[in-house]
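Participant: The structure follows.
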Amino acid sequence: MIRLKSSRLALVSSGDAGVADVADMLWLRLRREAEQALADAPMLSPLFVDSILNQPGLDHAVSHRISSRLKSDVVPAQLLIDTFARAFAADPEIDQALRADIAAVMDRDPACERVIEPLLYFKGFHALQTHRLAHFLWVGGEKDFALYLQSRSSEIFQTDIHPAARFGRGILLDHATGLVVGETTVVEDDVSLLQGVTLGGTGKETADRHPKIRKGTMIGAGAKILGNIEIGQYARIAAGSVVLRPVAPHATVAGIPAKVIKNAAMSDHSQRMDQSLADLPFDSFAYSI
């Protein structure tokens, strides 16, 4: 299911046909917004025309915009556009995931009022779609190209996501600056991660060594989750926490090292994006190591 705030973009879909309908609605909405943006800011006409109005569909618009940001003397924009097209054709999940990612931004980021904003401007969305392309290349054995995209994305978007890391749908990388994700990390559907988050290892261990983030988790700004540990579904990791042990589903943890400060059967942490922990009494934080 993809569900966006009714006040911004009322879309609900289920099943493959529904996803296609949402894609059409997203694309129509994007074109209308681009036309309005062009009227309001004609000095930016190449951005709106080249990235959206001259494109035949949503996947083309996304690949064109991201390729224009990632292009370099080594890898021109057209090669990136062609590689995106190859990935979309080979794996329809990439196209469906990017739509769910746009929905996640619209639903959870109060600063986002238009669909055009993540597509044109938000580096978290751009970094995530770059990773989806790099992961496609990595799985297909094109590891040097994948590693190049990781390096280039780190340079342009200030995120460092290993191409082998696995991400589900409906992911929000809010702000994204300073995000680090290790090779064997798994991030399931509907997870929200803020800036400065590290999903890393604990040293020089090899094999499966990075966190497994289950569905619906929210990870606050600056949190560090280290080692091959599981963060249960719908958990909440407070900003600045250092998590070294598994976290149970629905739990809220905070501190260095992180401790459980609340267990509640809530399933909307990643949607609410509440980092203030205002639902907890002050004495919840008076724990000791």
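By order of appearance in the structure tokens: chains A, B, ..., then residues from 1 within every chain, and ligands from 1 in the order shown.
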Could you give me, as a PyMOL selection string, each residue of segment 89-285 of chain A that DSSP assigns to alpha helix (DSSP H) when run on this structure's backbone?

Facilitator: chain A and resi 89-90+92-108+116-120+123-139+143-157+269-272

Participant: Measuring atom to atom with only C-alpha atoms, identify which of A:Met218, A:Val186, A:Leu58, A:Val139 is nearest to Phe88 of chain A.

Facilitator: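 Under the stated criterion, the closest residue is A:Leu58.
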
Participant: Residues at most 10 Å from Ala146 of chain A, counting only C-alpha atoms, excluding those fewer than 2 positions away in the same chain, as a ChimeraX atom specification?

Facilitator: /A:130-144,148-152,162-164

Participant: Could you please determine the separation between atom CA of His210 of chain A and atom CA of Phe122 of chain A in Å, to one decimal place?

Facilitator: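 These atoms are spaced 26.5 Å apart.
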
Participant: Hey, can you check how far atom CA of Ile231 of chain A sits from atom CA of Lys212 of chain A?

Facilitator: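 Separation of atom CA of Ile231 of chain A and atom CA of Lys212 of chain A: 6.1 Å.
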
Participant: Give me, as JSON, numbers by chain, all polymer residues having an atom no more than 8 Å from Ile161 of chain A, counting only C-alpha atoms and skipping those fewer than 2 positions away in the same chain.

Facilitator: {"A": [131, 150, 154, 159, 163, 165, 179, 180, 181, 182, 183]}

Participant: Which residue gives the smallest distance to Met106 of chain A among A:His126, A:Leu172, A:Asp82, A:Ser72, with only C-alpha atoms counted?

Facilitator: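 Answer, going by the shortest atom-to-atom distance: A:Leu172.
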
Participant: Give the strand (DSSP E or B) residues of segment 165-238 of chain A, as assigned by DSSP on the backbone, as a ChimeraX atom specification.

Facilitator: /A:166-167,172-173,179-181,186-187,192-193,198-200,212-213,218-219,224-226,230-231,236-237

Participant: Can you work out the spacing between atom CA of Val62 of chain A and atom CA of Pro211 of chain A in Å, to one decimal?

Facilitator: 28.9 Å

Participant: When you look at Val243 of chain A with a cut-off of 8 Å (counting only C-alpha atoms), what residues show up, excluding the ones that are within fewer than 5 positions of it in the same chain? I need them as a ChimeraX atom specification.

Facilitator: /A:223-226,256-258

Participant: If you count only C-alpha atoms, which residues fall within 12 Å of Gln129 of chain A, apart from same-chain ones fewer than 6 positions away, as a PyMOL selection string?

Facilitator: chain A and resi 59+62-67+70+84+87-88+94-102+118-119+122-123+135-136+149-150+153+157+161+163+167-173

Participant: Restricting it to N, CA and C atoms, dump the selection as a compact mmCIF listing (two decimals), in the first residue's frame.

Facilitator:
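Wrote it out as again_8.txt, contents follow:
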# COMPACT_ATOMS: atom_id res chain seq x y z
N ASP A 59 9.64 7.60 -14.19
CA ASP A 59 10.96 6.97 -14.10
C ASP A 59 11.99 7.75 -14.92
N VAL A 62 12.92 10.97 -12.93
CA VAL A 62 13.83 10.69 -11.82
C VAL A 62 15.24 10.42 -12.32
N SER A 63 15.36 9.57 -13.34
CA SER A 63 16.70 9.22 -13.83
C SER A 63 17.38 10.44 -14.45
N HIS A 64 16.63 11.28 -15.16
CA HIS A 64 17.23 12.46 -15.78
C HIS A 64 17.75 13.42 -14.72
N ARG A 65 16.94 13.68 -13.69
CA ARG A 65 17.35 14.64 -12.66
C ARG A 65 18.56 14.13 -11.88
N ILE A 66 18.53 12.87 -11.47
CA ILE A 66 19.65 12.35 -10.69
C ILE A 66 20.90 12.24 -11.54
N SER A 67 20.76 11.84 -12.78
CA SER A 67 21.93 11.74 -13.67
C SER A 67 22.56 13.10 -13.90
N LEU A 70 24.73 13.64 -10.89
CA LEU A 70 25.84 12.70 -10.71
C LEU A 70 26.87 12.74 -11.84
N PHE A 84 20.06 3.69 -15.78
CA PHE A 84 18.77 3.71 -15.08
C PHE A 84 17.71 2.99 -15.91
N ALA A 87 18.06 -0.65 -15.68
CA ALA A 87 17.64 -1.16 -14.38
C ALA A 87 16.12 -1.21 -14.27
N PHE A 88 15.44 -0.14 -14.71
CA PHE A 88 13.98 -0.12 -14.65
C PHE A 88 13.38 -1.25 -15.49
N ILE A 94 12.32 -1.62 -8.74
CA ILE A 94 13.03 -0.34 -8.56
C ILE A 94 12.08 0.81 -8.81
N ASP A 95 11.30 0.73 -9.87
CA ASP A 95 10.34 1.77 -10.21
C ASP A 95 9.26 1.89 -9.13
N GLN A 96 8.75 0.76 -8.66
CA GLN A 96 7.71 0.78 -7.64
C GLN A 96 8.25 1.31 -6.30
N ALA A 97 9.51 0.96 -5.99
CA ALA A 97 10.10 1.42 -4.75
C ALA A 97 10.29 2.93 -4.75
N LEU A 98 10.69 3.51 -5.87
CA LEU A 98 10.91 4.96 -5.88
C LEU A 98 9.59 5.71 -5.68
N ARG A 99 8.47 5.14 -6.19
CA ARG A 99 7.18 5.77 -5.95
C ARG A 99 6.81 5.73 -4.47
N ALA A 100 7.07 4.59 -3.84
CA ALA A 100 6.81 4.48 -2.41
C ALA A 100 7.72 5.43 -1.63
N ASP A 101 8.94 5.64 -2.09
CA ASP A 101 9.86 6.58 -1.43
C ASP A 101 9.35 8.01 -1.53
N ILE A 102 8.81 8.39 -2.70
CA ILE A 102 8.21 9.72 -2.84
C ILE A 102 7.03 9.86 -1.88
N PRO A 118 10.90 16.56 -3.66
CA PRO A 118 11.88 15.48 -3.57
C PRO A 118 12.50 15.14 -4.92
N LEU A 119 11.71 15.19 -5.99
CA LEU A 119 12.23 14.82 -7.30
C LEU A 119 13.33 15.78 -7.76
N PHE A 122 15.63 17.18 -3.15
CA PHE A 122 15.98 16.55 -1.89
C PHE A 122 17.07 15.51 -2.09
N LYS A 123 18.22 15.77 -1.50
CA LYS A 123 19.35 14.86 -1.73
C LYS A 123 19.16 13.51 -1.05
N HIS A 135 22.86 -0.80 -6.29
CA HIS A 135 22.58 -2.16 -5.82
C HIS A 135 22.24 -3.08 -6.99
N PHE A 136 21.48 -2.57 -7.93
CA PHE A 136 21.18 -3.34 -9.14
C PHE A 136 22.47 -3.75 -9.85
N LEU A 149 29.41 4.66 -8.28
CA LEU A 149 28.21 5.39 -7.89
C LEU A 149 28.18 5.65 -6.39
N GLN A 150 28.63 4.70 -5.59
CA GLN A 150 28.72 4.93 -4.14
C GLN A 150 29.64 6.11 -3.85
N SER A 153 28.04 9.41 -5.18
CA SER A 153 26.93 9.81 -4.32
C SER A 153 27.44 10.40 -3.01
N PHE A 157 26.03 13.93 -2.54
CA PHE A 157 24.89 13.94 -1.62
C PHE A 157 25.29 13.80 -0.15
N ILE A 161 26.59 4.86 1.25
CA ILE A 161 25.81 3.64 1.35
C ILE A 161 26.46 2.57 0.49
N PRO A 163 26.94 -0.44 -1.89
CA PRO A 163 26.01 -0.95 -2.89
C PRO A 163 25.34 -2.27 -2.54
N PHE A 167 17.66 -2.28 0.81
CA PHE A 167 16.62 -1.37 1.28
C PHE A 167 15.27 -1.81 0.74
N GLY A 168 14.24 -1.73 1.59
CA GLY A 168 12.88 -1.98 1.16
C GLY A 168 12.26 -0.74 0.54
N ARG A 169 10.93 -0.73 0.52
CA ARG A 169 10.18 0.38 -0.05
C ARG A 169 9.78 1.39 1.03
N GLY A 170 9.40 2.59 0.58
CA GLY A 170 8.85 3.59 1.49
C GLY A 170 9.87 4.08 2.50
N ILE A 171 11.10 4.31 2.04
CA ILE A 171 12.18 4.76 2.92
C ILE A 171 12.28 6.27 2.87
N LEU A 172 12.44 6.90 4.02
CA LEU A 172 12.71 8.33 4.10
C LEU A 172 14.11 8.54 4.65
N LEU A 173 14.97 9.16 3.84
CA LEU A 173 16.27 9.65 4.31
C LEU A 173 16.13 11.14 4.50

Participant: Can you list, as a PyMOL selection string, every protein, DNA or RNA residue that comes within 10 Å of Ile116 of chain A when you count only C-alpha atoms, leaving out same-chain residues fewer than 6 positions away?

Facilitator: chain A and resi 26-27+29-34+37+48+52+102+122

Participant: Any chance you can output those residues with C-alpha atoms as a JSON list (two decimals), in the first residue's frame?

Facilitator:
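Generated output (again-v3.json):
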[["chain", "number", "residue", "atom", "x", "y", "z"],
["A", 26, "LEU", "CA", 1.99, 11.09, -9.42],
["A", 27, "TRP", "CA", 3.10, 11.89, -12.93],
["A", 29, "ARG", "CA", 0.60, 15.90, -10.35],
["A", 30, "LEU", "CA", 4.29, 16.40, -11.10],
["A", 31, "ARG", "CA", 3.55, 17.85, -14.52],
["A", 32, "ARG", "CA", 0.98, 20.27, -13.10],
["A", 33, "GLU", "CA", 3.41, 21.37, -10.42],
["A", 34, "ALA", "CA", 6.21, 21.78, -12.98],
["A", 37, "ALA", "CA", 6.76, 26.32, -11.11],
["A", 48, "PHE", "CA", 11.51, 22.23, -14.97],
["A", 52, "ILE", "CA", 9.94, 16.95, -16.02],
["A", 102, "ILE", "CA", 8.21, 9.72, -2.84],
["A", 122, "PHE", "CA", 15.98, 16.55, -1.89]]
